[in-house]
Amino acid sequence: MRTQRILVVDDEPKIRMTLRGYLEADGFEVLEAADGPLGLASVARERPDLVVLDVMLPRLDGFEVLRRIRATSQVPVILLTARAEEIDRVIGFTAGSDDYVTKPFSARELALRARAILRRAEAPGQEAEDRTLRFEGLVVDPDTRTVTVDAGRVVELSALDFDLLVALAGTPGRVFTRRGLIEHVWGRDFFGDERVVDVHIRTLRRALGDDASTPRFVGTVRAIGYRFLARPVV
């Protein structure tokens, strides 16, 4: 099977380098372009499977690059920008982007979003595999990275808190040590205090409306770690 190729169009070398590291670690081949015209030339020449496109580019901005791409190609595009105004998101989606990520961003999250978009694009016309995690009072969708509590309240989570929730909810009832959660979420190369897990558990519980003394979703296993408590809905 051919390695999927992702083109990163961004004028900041550090961002291109960071994304290259994460995307290559995830098994992708990475192409780079430093401005709009170079990005368009690379799309035409290399035919990437997905484009990560910065909006604030020199010579030709990302919105115009996206419009020109859409004139000849339906390659998936993730817009990357430091601007968070709603009008920018509207313009991006109207012009034909598939997703929108605002700086500062998590390179891990962007790699996950890229993988999800490519998974859906691999089987056009077929129903995508439903990876949604459904529990009593909680729904977690790893592909759209959305969380809903009590069939209505959408919960805003940071990228790390979302990954932490998915790690726990992916195997409900399993007891995770702090080190185990760090390896799942932060990665094996993490160096630091394992108590960082406790900090993120607190913010996760707060966002979910979970009471640590009588938890519905995330329980504490004294002297060991944490486990997910909610009952799956079939």
# chains A, B, ... in the order shown; residues from 1 in each chain; ligands from 1
>>> residues_around(residues="Phe176 in chain A", least_positions_apart="4", cutoff="9 Å", atoms="only C-alpha atoms", output="list of chain:residue names")
A:Leu168, A:Gly180, A:Leu181, A:Val221, A:Ile224, A:Gly225, A:Tyr226, A:Arg227
>>> write_last_selection(atoms="C-alpha atoms", output="tab-separated table (two decimals), in the first residue's frame")
chain	number	residue	atom	x	y	z
A	168	LEU	CA	-10.11	5.98	29.78
A	180	GLY	CA	-0.06	4.05	31.85
A	181	LEU	CA	-2.12	7.14	31.05
A	221	VAL	CA	-8.48	4.07	42.44
A	224	ILE	CA	-3.01	3.39	41.87
A	225	GLY	CA	-4.70	5.68	39.36
A	226	TYR	CA	-8.04	6.07	37.59
A	227	ARG	CA	-10.74	4.19	35.73
>>> residues_around(residues="range 107-119 of chain A", least_positions_apart="2", cutoff="8 Å", atoms="only C-alpha atoms", output="PyMOL selection string")
chain A and resi 18-19+22-23+26+49-50+76+78+98+101+105+121-123+143-144+159
>>> write_last_selection(atoms="C-alpha atoms", output="short mmCIF file (atom, residue, chain, number, x, y, z; two decimals), in the first residue's frame")
data_model
loop_
_atom_site.label_atom_id
_atom_site.label_comp_id
_atom_site.auth_asym_id
_atom_site.auth_seq_id
_atom_site.Cartn_x
_atom_site.Cartn_y
_atom_site.Cartn_z
CA THR A 18 7.02 20.08 14.24
CA LEU A 19 4.22 18.82 12.01
CA TYR A 22 4.37 14.08 14.26
CA LEU A 23 3.01 13.17 10.84
CA ASP A 26 2.17 8.52 12.32
CA ASP A 49 -3.56 12.95 -0.20
CA LEU A 50 -4.20 15.86 2.20
CA PRO A 76 -8.91 17.19 1.71
CA ILE A 78 -7.18 21.41 6.89
CA ASP A 98 -12.54 19.95 5.47
CA VAL A 101 -7.41 24.31 13.44
CA PHE A 105 -2.57 24.03 18.38
CA ALA A 121 -11.92 9.77 2.22
CA GLU A 122 -10.60 6.23 1.60
CA ALA A 123 -14.10 4.79 1.17
CA ASP A 143 -13.43 11.37 14.73
CA THR A 144 -15.07 14.77 15.25
CA ALA A 159 -6.67 18.34 23.12
#
>>> closest_residue(among="A:Asp193, A:Asp61, A:Asp99, A:Asp210", to="Phe228 in chain A", atoms="only C-alpha atoms")
A:Asp210
>>> atom_distance(atom1="CA of Asp11 in chain A", atom2="CA of Leu57 in chain A")
6.2 Å
>>> select_by_dssp(residues="range 170-216 of chain A", states="alpha helix (DSSP H)", output="PDB file with all heavy atoms, in the first residue's frame")
ATOM      1  N   ARG A 178      -1.007   6.138  36.610  1.00  0.00           N
ATOM      2  CA  ARG A 178      -0.634   7.416  36.018  1.00  0.00           C
ATOM      3  C   ARG A 178       0.360   7.211  34.878  1.00  0.00           C
ATOM      4  O   ARG A 178       0.267   7.846  33.833  1.00  0.00           O
ATOM      5  CB  ARG A 178      -0.044   8.347  37.078  1.00  0.00           C
ATOM      6  CG  ARG A 178      -1.059   8.804  38.121  1.00  0.00           C
ATOM      7  CD  ARG A 178      -0.404   9.691  39.172  1.00  0.00           C
ATOM      8  NE  ARG A 178      -1.368  10.125  40.180  1.00  0.00           N
ATOM      9  CZ  ARG A 178      -1.709   9.414  41.242  1.00  0.00           C
ATOM     10  NH1 ARG A 178      -1.154   8.218  41.439  1.00  0.00           N
ATOM     11  NH2 ARG A 178      -2.593   9.875  42.113  1.00  0.00           N
ATOM     12  N   ARG A 179       1.320   6.327  35.080  1.00  0.00           N
ATOM     13  CA  ARG A 179       2.308   6.062  34.036  1.00  0.00           C
ATOM     14  C   ARG A 179       1.635   5.494  32.796  1.00  0.00           C
ATOM     15  O   ARG A 179       1.974   5.855  31.658  1.00  0.00           O
ATOM     16  CB  ARG A 179       3.382   5.115  34.562  1.00  0.00           C
ATOM     17  CG  ARG A 179       4.373   4.580  33.508  1.00  0.00           C
ATOM     18  CD  ARG A 179       4.975   5.622  32.610  1.00  0.00           C
ATOM     19  NE  ARG A 179       5.664   6.687  33.327  1.00  0.00           N
ATOM     20  CZ  ARG A 179       6.245   7.719  32.724  1.00  0.00           C
ATOM     21  NH1 ARG A 179       6.218   7.835  31.409  1.00  0.00           N
ATOM     22  NH2 ARG A 179       6.842   8.646  33.446  1.00  0.00           N
ATOM     23  N   GLY A 180       0.657   4.624  32.985  1.00  0.00           N
ATOM     24  CA  GLY A 180      -0.060   4.053  31.846  1.00  0.00           C
ATOM     25  C   GLY A 180      -0.787   5.117  31.054  1.00  0.00           C
ATOM     26  O   GLY A 180      -0.785   5.097  29.812  1.00  0.00           O
ATOM     27  N   LEU A 181      -1.419   6.059  31.745  1.00  0.00           N
ATOM     28  CA  LEU A 181      -2.116   7.141  31.054  1.00  0.00           C
ATOM     29  C   LEU A 181      -1.135   8.072  30.354  1.00  0.00           C
ATOM     30  O   LEU A 181      -1.401   8.542  29.244  1.00  0.00           O
ATOM     31  CB  LEU A 181      -2.978   7.923  32.045  1.00  0.00           C
ATOM     32  CG  LEU A 181      -4.248   7.201  32.507  1.00  0.00           C
ATOM     33  CD1 LEU A 181      -4.890   7.947  33.657  1.00  0.00           C
ATOM     34  CD2 LEU A 181      -5.240   7.042  31.346  1.00  0.00           C
ATOM     35  N   ILE A 182       0.006   8.315  30.977  1.00  0.00           N
ATOM     36  CA  ILE A 182       1.017   9.153  30.332  1.00  0.00           C
ATOM     37  C   ILE A 182       1.474   8.521  29.021  1.00  0.00           C
ATOM     38  O   ILE A 182       1.613   9.198  27.993  1.00  0.00           O
ATOM     39  CB  ILE A 182       2.206   9.387  31.286  1.00  0.00           C
ATOM     40  CG1 ILE A 182       1.816  10.446  32.324  1.00  0.00           C
ATOM     41  CG2 ILE A 182       3.451   9.813  30.519  1.00  0.00           C
ATOM     42  CD1 ILE A 182       2.840  10.655  33.401  1.00  0.00           C
ATOM     43  N   GLU A 183       1.698   7.218  29.014  1.00  0.00           N
ATOM     44  CA  GLU A 183       2.140   6.552  27.790  1.00  0.00           C
ATOM     45  C   GLU A 183       1.065   6.592  26.710  1.00  0.00           C
ATOM     46  O   GLU A 183       1.382   6.701  25.519  1.00  0.00           O
ATOM     47  CB  GLU A 183       2.545   5.110  28.103  1.00  0.00           C
ATOM     48  CG  GLU A 183       3.810   5.015  28.939  1.00  0.00           C
ATOM     49  CD  GLU A 183       4.262   3.585  29.171  1.00  0.00           C
ATOM     50  OE1 GLU A 183       3.568   2.654  28.688  1.00  0.00           O
ATOM     51  OE2 GLU A 183       5.307   3.399  29.824  1.00  0.00           O
ATOM     52  N   HIS A 184      -0.220   6.494  27.118  1.00  0.00           N
ATOM     53  CA  HIS A 184      -1.316   6.554  26.164  1.00  0.00           C
ATOM     54  C   HIS A 184      -1.483   7.955  25.579  1.00  0.00           C
ATOM     55  O   HIS A 184      -1.766   8.103  24.379  1.00  0.00           O
ATOM     56  CB  HIS A 184      -2.636   6.130  26.823  1.00  0.00           C
ATOM     57  CG  HIS A 184      -2.911   4.673  26.748  1.00  0.00           C
ATOM     58  ND1 HIS A 184      -2.279   3.756  27.554  1.00  0.00           N
ATOM     59  CD2 HIS A 184      -3.758   3.958  25.957  1.00  0.00           C
ATOM     60  CE1 HIS A 184      -2.725   2.542  27.271  1.00  0.00           C
ATOM     61  NE2 HIS A 184      -3.622   2.641  26.311  1.00  0.00           N
ATOM     62  N   VAL A 185      -1.344   8.981  26.412  1.00  0.00           N
ATOM     63  CA  VAL A 185      -1.732  10.335  26.018  1.00  0.00           C
ATOM     64  C   VAL A 185      -0.533  11.210  25.693  1.00  0.00           C
ATOM     65  O   VAL A 185      -0.487  11.860  24.647  1.00  0.00           O
ATOM     66  CB  VAL A 185      -2.589  10.987  27.127  1.00  0.00           C
ATOM     67  CG1 VAL A 185      -2.960  12.419  26.746  1.00  0.00           C
ATOM     68  CG2 VAL A 185      -3.843  10.152  27.381  1.00  0.00           C
ATOM     69  N   VAL A 196       1.085  15.308  36.726  1.00  0.00           N
ATOM     70  CA  VAL A 196       0.415  16.091  35.692  1.00  0.00           C
ATOM     71  C   VAL A 196      -0.910  15.433  35.306  1.00  0.00           C
ATOM     72  O   VAL A 196      -1.864  16.109  34.919  1.00  0.00           O
ATOM     73  CB  VAL A 196       1.328  16.258  34.458  1.00  0.00           C
ATOM     74  CG1 VAL A 196       1.546  14.927  33.741  1.00  0.00           C
ATOM     75  CG2 VAL A 196       0.752  17.285  33.487  1.00  0.00           C
ATOM     76  N   VAL A 197      -0.967  14.104  35.436  1.00  0.00           N
ATOM     77  CA  VAL A 197      -2.216  13.393  35.152  1.00  0.00           C
ATOM     78  C   VAL A 197      -3.326  13.873  36.084  1.00  0.00           C
ATOM     79  O   VAL A 197      -4.472  14.091  35.659  1.00  0.00           O
ATOM     80  CB  VAL A 197      -2.025  11.866  35.281  1.00  0.00           C
ATOM     81  CG1 VAL A 197      -3.358  11.135  35.147  1.00  0.00           C
ATOM     82  CG2 VAL A 197      -1.040  11.365  34.227  1.00  0.00           C
ATOM     83  N   ASP A 198      -3.008  14.045  37.379  1.00  0.00           N
ATOM     84  CA  ASP A 198      -4.009  14.488  38.351  1.00  0.00           C
ATOM     85  C   ASP A 198      -4.576  15.857  37.978  1.00  0.00           C
ATOM     86  O   ASP A 198      -5.780  16.108  38.122  1.00  0.00           O
ATOM     87  CB  ASP A 198      -3.394  14.548  39.745  1.00  0.00           C
ATOM     88  CG  ASP A 198      -2.828  13.214  40.203  1.00  0.00           C
ATOM     89  OD1 ASP A 198      -3.243  12.181  39.635  1.00  0.00           O
ATOM     90  OD2 ASP A 198      -1.981  13.203  41.098  1.00  0.00           O
ATOM     91  N   VAL A 199      -3.703  16.734  37.492  1.00  0.00           N
ATOM     92  CA  VAL A 199      -4.149  18.075  37.099  1.00  0.00           C
ATOM     93  C   VAL A 199      -5.165  17.985  35.967  1.00  0.00           C
ATOM     94  O   VAL A 199      -6.218  18.624  35.996  1.00  0.00           O
ATOM     95  CB  VAL A 199      -2.949  18.938  36.674  1.00  0.00           C
ATOM     96  CG1 VAL A 199      -3.424  20.288  36.136  1.00  0.00           C
ATOM     97  CG2 VAL A 199      -1.989  19.132  37.838  1.00  0.00           C
ATOM     98  N   HIS A 200      -4.864  17.147  34.981  1.00  0.00           N
ATOM     99  CA  HIS A 200      -5.765  17.031  33.833  1.00  0.00           C
ATOM    100  C   HIS A 200      -7.033  16.260  34.182  1.00  0.00           C
ATOM    101  O   HIS A 200      -8.094  16.527  33.608  1.00  0.00           O
ATOM    102  CB  HIS A 200      -5.032  16.409  32.643  1.00  0.00           C
ATOM    103  CG  HIS A 200      -4.109  17.377  31.968  1.00  0.00           C
ATOM    104  ND1 HIS A 200      -4.542  18.224  30.973  1.00  0.00           N
ATOM    105  CD2 HIS A 200      -2.802  17.645  32.162  1.00  0.00           C
ATOM    106  CE1 HIS A 200      -3.528  18.975  30.575  1.00  0.00           C
ATOM    107  NE2 HIS A 200      -2.456  18.634  31.281  1.00  0.00           N
ATOM    108  N   ILE A 201      -6.951  15.335  35.099  1.00  0.00           N
ATOM    109  CA  ILE A 201      -8.166  14.661  35.563  1.00  0.00           C
ATOM    110  C   ILE A 201      -9.102  15.676  36.217  1.00  0.00           C
ATOM    111  O   ILE A 201     -10.327  15.645  36.019  1.00  0.00           O
ATOM    112  CB  ILE A 201      -7.826  13.527  36.550  1.00  0.00           C
ATOM    113  CG1 ILE A 201      -7.175  12.336  35.817  1.00  0.00           C
ATOM    114  CG2 ILE A 201      -9.084  13.067  37.287  1.00  0.00           C
ATOM    115  CD1 ILE A 201      -8.115  11.567  34.900  1.00  0.00           C
ATOM    116  N   ARG A 202      -8.548  16.594  36.993  1.00  0.00           N
ATOM    117  CA  ARG A 202      -9.378  17.617  37.639  1.00  0.00           C
ATOM    118  C   ARG A 202     -10.065  18.506  36.607  1.00  0.00           C
ATOM    119  O   ARG A 202     -11.256  18.805  36.730  1.00  0.00           O
ATOM    120  CB  ARG A 202      -8.534  18.469  38.600  1.00  0.00           C
ATOM    121  CG  ARG A 202      -8.176  17.760  39.889  1.00  0.00           C
ATOM    122  CD  ARG A 202      -7.720  18.747  40.955  1.00  0.00           C
ATOM    123  NE  ARG A 202      -6.474  19.406  40.605  1.00  0.00           N
ATOM    124  CZ  ARG A 202      -5.266  18.941  40.893  1.00  0.00           C
ATOM    125  NH1 ARG A 202      -5.138  17.781  41.536  1.00  0.00           N
ATOM    126  NH2 ARG A 202      -4.180  19.610  40.553  1.00  0.00           N
ATOM    127  N   THR A 203      -9.323  18.947  35.584  1.00  0.00           N
ATOM    128  CA  THR A 203      -9.939  19.810  34.571  1.00  0.00           C
ATOM    129  C   THR A 203     -10.956  19.032  33.743  1.00  0.00           C
ATOM    130  O   THR A 203     -11.992  19.580  33.351  1.00  0.00           O
ATOM    131  CB  THR A 203      -8.881  20.436  33.654  1.00  0.00           C
ATOM    132  OG1 THR A 203      -8.148  19.407  32.973  1.00  0.00           O
ATOM    133  CG2 THR A 203      -7.920  21.289  34.455  1.00  0.00           C
ATOM    134  N   LEU A 204     -10.689  17.752  33.495  1.00  0.00           N
ATOM    135  CA  LEU A 204     -11.635  16.919  32.759  1.00  0.00           C
ATOM    136  C   LEU A 204     -12.926  16.749  33.550  1.00  0.00           C
ATOM    137  O   LEU A 204     -14.037  16.906  33.013  1.00  0.00           O
ATOM    138  CB  LEU A 204     -11.000  15.556  32.463  1.00  0.00           C
ATOM    139  CG  LEU A 204     -11.893  14.509  31.788  1.00  0.00           C
ATOM    140  CD1 LEU A 204     -12.407  15.011  30.456  1.00  0.00           C
ATOM    141  CD2 LEU A 204     -11.121  13.201  31.611  1.00  0.00           C
ATOM    142  N   ARG A 205     -12.792  16.435  34.825  1.00  0.00           N
ATOM    143  CA  ARG A 205     -13.982  16.282  35.671  1.00  0.00           C
ATOM    144  C   ARG A 205     -14.787  17.578  35.725  1.00  0.00           C
ATOM    145  O   ARG A 205     -16.022  17.564  35.656  1.00  0.00           O
ATOM    146  CB  ARG A 205     -13.570  15.857  37.079  1.00  0.00           C
ATOM    147  CG  ARG A 205     -13.239  14.382  37.221  1.00  0.00           C
ATOM    148  CD  ARG A 205     -12.686  14.099  38.590  1.00  0.00           C
ATOM    149  NE  ARG A 205     -12.615  12.669  38.877  1.00  0.00           N
ATOM    150  CZ  ARG A 205     -11.860  12.135  39.815  1.00  0.00           C
ATOM    151  NH1 ARG A 205     -11.090  12.920  40.579  1.00  0.00           N
ATOM    152  NH2 ARG A 205     -11.855  10.838  40.022  1.00  0.00           N
ATOM    153  N   ARG A 206     -14.091  18.689  35.857  1.00  0.00           N
ATOM    154  CA  ARG A 206     -14.776  19.981  35.941  1.00  0.00           C
ATOM    155  C   ARG A 206     -15.583  20.233  34.663  1.00  0.00           C
ATOM    156  O   ARG A 206     -16.728  20.691  34.712  1.00  0.00           O
ATOM    157  CB  ARG A 206     -13.757  21.093  36.169  1.00  0.00           C
ATOM    158  CG  ARG A 206     -14.387  22.458  36.465  1.00  0.00           C
ATOM    159  CD  ARG A 206     -13.324  23.513  36.704  1.00  0.00           C
ATOM    160  NE  ARG A 206     -12.376  23.099  37.726  1.00  0.00           N
ATOM    161  CZ  ARG A 206     -11.084  22.957  37.545  1.00  0.00           C
ATOM    162  NH1 ARG A 206     -10.554  23.188  36.349  1.00  0.00           N
ATOM    163  NH2 ARG A 206     -10.286  22.594  38.529  1.00  0.00           N
ATOM    164  N   ALA A 207     -14.979  19.936  33.511  1.00  0.00           N
ATOM    165  CA  ALA A 207     -15.676  20.163  32.241  1.00  0.00           C
ATOM    166  C   ALA A 207     -16.890  19.248  32.090  1.00  0.00           C
ATOM    167  O   ALA A 207     -17.925  19.654  31.554  1.00  0.00           O
ATOM    168  CB  ALA A 207     -14.703  19.946  31.080  1.00  0.00           C
ATOM    169  N   LEU A 208     -16.771  18.014  32.575  1.00  0.00           N
ATOM    170  CA  LEU A 208     -17.870  17.046  32.455  1.00  0.00           C
ATOM    171  C   LEU A 208     -18.940  17.255  33.524  1.00  0.00           C
ATOM    172  O   LEU A 208     -20.017  16.637  33.455  1.00  0.00           O
ATOM    173  CB  LEU A 208     -17.329  15.615  32.567  1.00  0.00           C
ATOM    174  CG  LEU A 208     -16.378  15.139  31.471  1.00  0.00           C
ATOM    175  CD1 LEU A 208     -15.879  13.736  31.784  1.00  0.00           C
ATOM    176  CD2 LEU A 208     -17.045  15.168  30.099  1.00  0.00           C
TER     177      LEU A 208
END
>>> residues_around(residues="range 154-156 of chain A", least_positions_apart="6", cutoff="10 Å", atoms="only C-alpha atoms", output="PyMOL selection string")
chain A and resi 138-140+145-148+162+204+207-209
>>> closest_residue(among="A:Thr3, A:Ser73, A:Ser213, A:Thr132", to="Val166 in chain A", atoms="only C-alpha atoms")
A:Thr132
>>> closest_residue(among="A:Leu229, A:Leu79, A:Ala34, A:Val218", to="Pro13 in chain A", atoms="only C-alpha atoms")
A:Ala34
>>> closest_residue(among="A:Pro37, A:Gly27, A:Gly21, A:Gly187", to="Val9 in chain A", atoms="only C-alpha atoms")
A:Pro37
>>> closest_residue(among="A:Val233, A:Leu38, A:Ala223, A:Leu7", to="Val52 in chain A", atoms="only C-alpha atoms")
A:Leu7
>>> atom_distance(atom1="CA of Val65 in chain A", atom2="CA of Tyr100 in chain A")
14.8 Å
>>> closest_residue(among="A:Arg216, A:Arg70, A:Arg195, A:Pro172", to="Leu133 in chain A", atoms="only C-alpha atoms")
A:Pro172
>>> decode(residues="range 111-208 of chain A", atoms="C-alpha atoms", output="tab-separated table (two decimals), in the first residue's frame")
chain	number	residue	atom	x	y	z
A	111	ALA	CA	-2.30	14.40	13.18
A	112	LEU	CA	-5.38	12.67	14.59
A	113	ARG	CA	-7.67	14.93	12.59
A	114	ALA	CA	-5.69	14.24	9.44
A	115	ARG	CA	-5.96	10.49	10.02
A	116	ALA	CA	-9.72	10.76	10.57
A	117	ILE	CA	-10.27	12.81	7.40
A	118	LEU	CA	-8.20	10.41	5.30
A	119	ARG	CA	-10.02	7.42	6.76
A	120	ARG	CA	-13.34	8.87	5.64
A	121	ALA	CA	-11.92	9.77	2.22
A	122	GLU	CA	-10.60	6.23	1.60
A	123	ALA	CA	-14.10	4.79	1.17
A	124	PRO	CA	-16.27	7.28	-0.78
A	125	GLY	CA	-19.89	6.28	-0.96
A	126	GLN	CA	-19.51	3.84	1.90
A	127	GLU	CA	-20.69	4.41	5.43
A	128	ALA	CA	-17.73	5.26	7.63
A	129	GLU	CA	-17.02	3.04	10.60
A	130	ASP	CA	-18.77	4.44	13.64
A	131	ARG	CA	-16.16	4.75	16.39
A	132	THR	CA	-18.42	6.79	18.67
A	133	LEU	CA	-18.22	5.82	22.35
A	134	ARG	CA	-21.69	5.89	23.93
A	135	PHE	CA	-22.35	5.67	27.65
A	136	GLU	CA	-25.16	6.50	30.02
A	137	GLY	CA	-25.06	10.29	30.11
A	138	LEU	CA	-22.03	10.70	27.84
A	139	VAL	CA	-21.18	10.44	24.12
A	140	VAL	CA	-17.60	10.74	22.85
A	141	ASP	CA	-16.83	10.91	19.11
A	142	PRO	CA	-13.10	10.39	18.41
A	143	ASP	CA	-13.43	11.37	14.73
A	144	THR	CA	-15.07	14.77	15.25
A	145	ARG	CA	-13.47	15.11	18.71
A	146	THR	CA	-16.76	16.13	20.28
A	147	VAL	CA	-18.14	15.29	23.72
A	148	THR	CA	-21.81	15.55	24.73
A	149	VAL	CA	-23.13	15.17	28.27
A	150	ASP	CA	-26.74	14.22	29.11
A	151	ALA	CA	-27.91	14.24	25.50
A	152	GLY	CA	-27.50	17.94	24.95
A	153	ARG	CA	-24.58	19.78	26.54
A	154	VAL	CA	-21.54	19.95	24.29
A	155	VAL	CA	-18.34	19.96	26.34
A	156	GLU	CA	-15.28	21.95	25.28
A	157	LEU	CA	-12.07	20.06	26.10
A	158	SER	CA	-8.43	20.77	25.45
A	159	ALA	CA	-6.67	18.34	23.12
A	160	LEU	CA	-4.90	16.62	26.04
A	161	ASP	CA	-8.07	16.34	28.13
A	162	PHE	CA	-9.94	14.86	25.16
A	163	ASP	CA	-7.18	12.30	24.55
A	164	LEU	CA	-7.22	11.45	28.26
A	165	LEU	CA	-10.99	10.88	28.16
A	166	VAL	CA	-10.70	8.65	25.08
A	167	ALA	CA	-7.94	6.60	26.72
A	168	LEU	CA	-10.11	5.98	29.78
A	169	ALA	CA	-13.44	5.52	27.98
A	170	GLY	CA	-11.91	3.21	25.38
A	171	THR	CA	-11.70	0.46	27.99
A	172	PRO	CA	-14.33	1.22	30.65
A	173	GLY	CA	-13.64	-0.40	34.00
A	174	ARG	CA	-9.93	-0.85	33.36
A	175	VAL	CA	-7.67	0.61	36.04
A	176	PHE	CA	-4.95	2.86	34.59
A	177	THR	CA	-1.87	3.87	36.52
A	178	ARG	CA	-0.63	7.42	36.02
A	179	ARG	CA	2.31	6.06	34.04
A	180	GLY	CA	-0.06	4.05	31.85
A	181	LEU	CA	-2.12	7.14	31.05
A	182	ILE	CA	1.02	9.15	30.33
A	183	GLU	CA	2.14	6.55	27.79
A	184	HIS	CA	-1.32	6.55	26.16
A	185	VAL	CA	-1.73	10.34	26.02
A	186	TRP	CA	1.62	12.12	26.37
A	187	GLY	CA	3.74	9.36	24.81
A	188	ARG	CA	6.58	7.16	26.01
A	189	ASP	CA	9.10	9.98	25.61
A	190	PHE	CA	7.41	12.13	28.28
A	191	PHE	CA	9.75	13.28	31.04
A	192	GLY	CA	8.24	15.03	34.02
A	193	ASP	CA	6.08	14.69	37.10
A	194	GLU	CA	3.44	11.97	36.75
A	195	ARG	CA	1.14	14.13	38.87
A	196	VAL	CA	0.42	16.09	35.69
A	197	VAL	CA	-2.22	13.39	35.15
A	198	ASP	CA	-4.01	14.49	38.35
A	199	VAL	CA	-4.15	18.07	37.10
A	200	HIS	CA	-5.77	17.03	33.83
A	201	ILE	CA	-8.17	14.66	35.56
A	202	ARG	CA	-9.38	17.62	37.64
A	203	THR	CA	-9.94	19.81	34.57
A	204	LEU	CA	-11.64	16.92	32.76
A	205	ARG	CA	-13.98	16.28	35.67
A	206	ARG	CA	-14.78	19.98	35.94
A	207	ALA	CA	-15.68	20.16	32.24
A	208	LEU	CA	-17.87	17.05	32.46
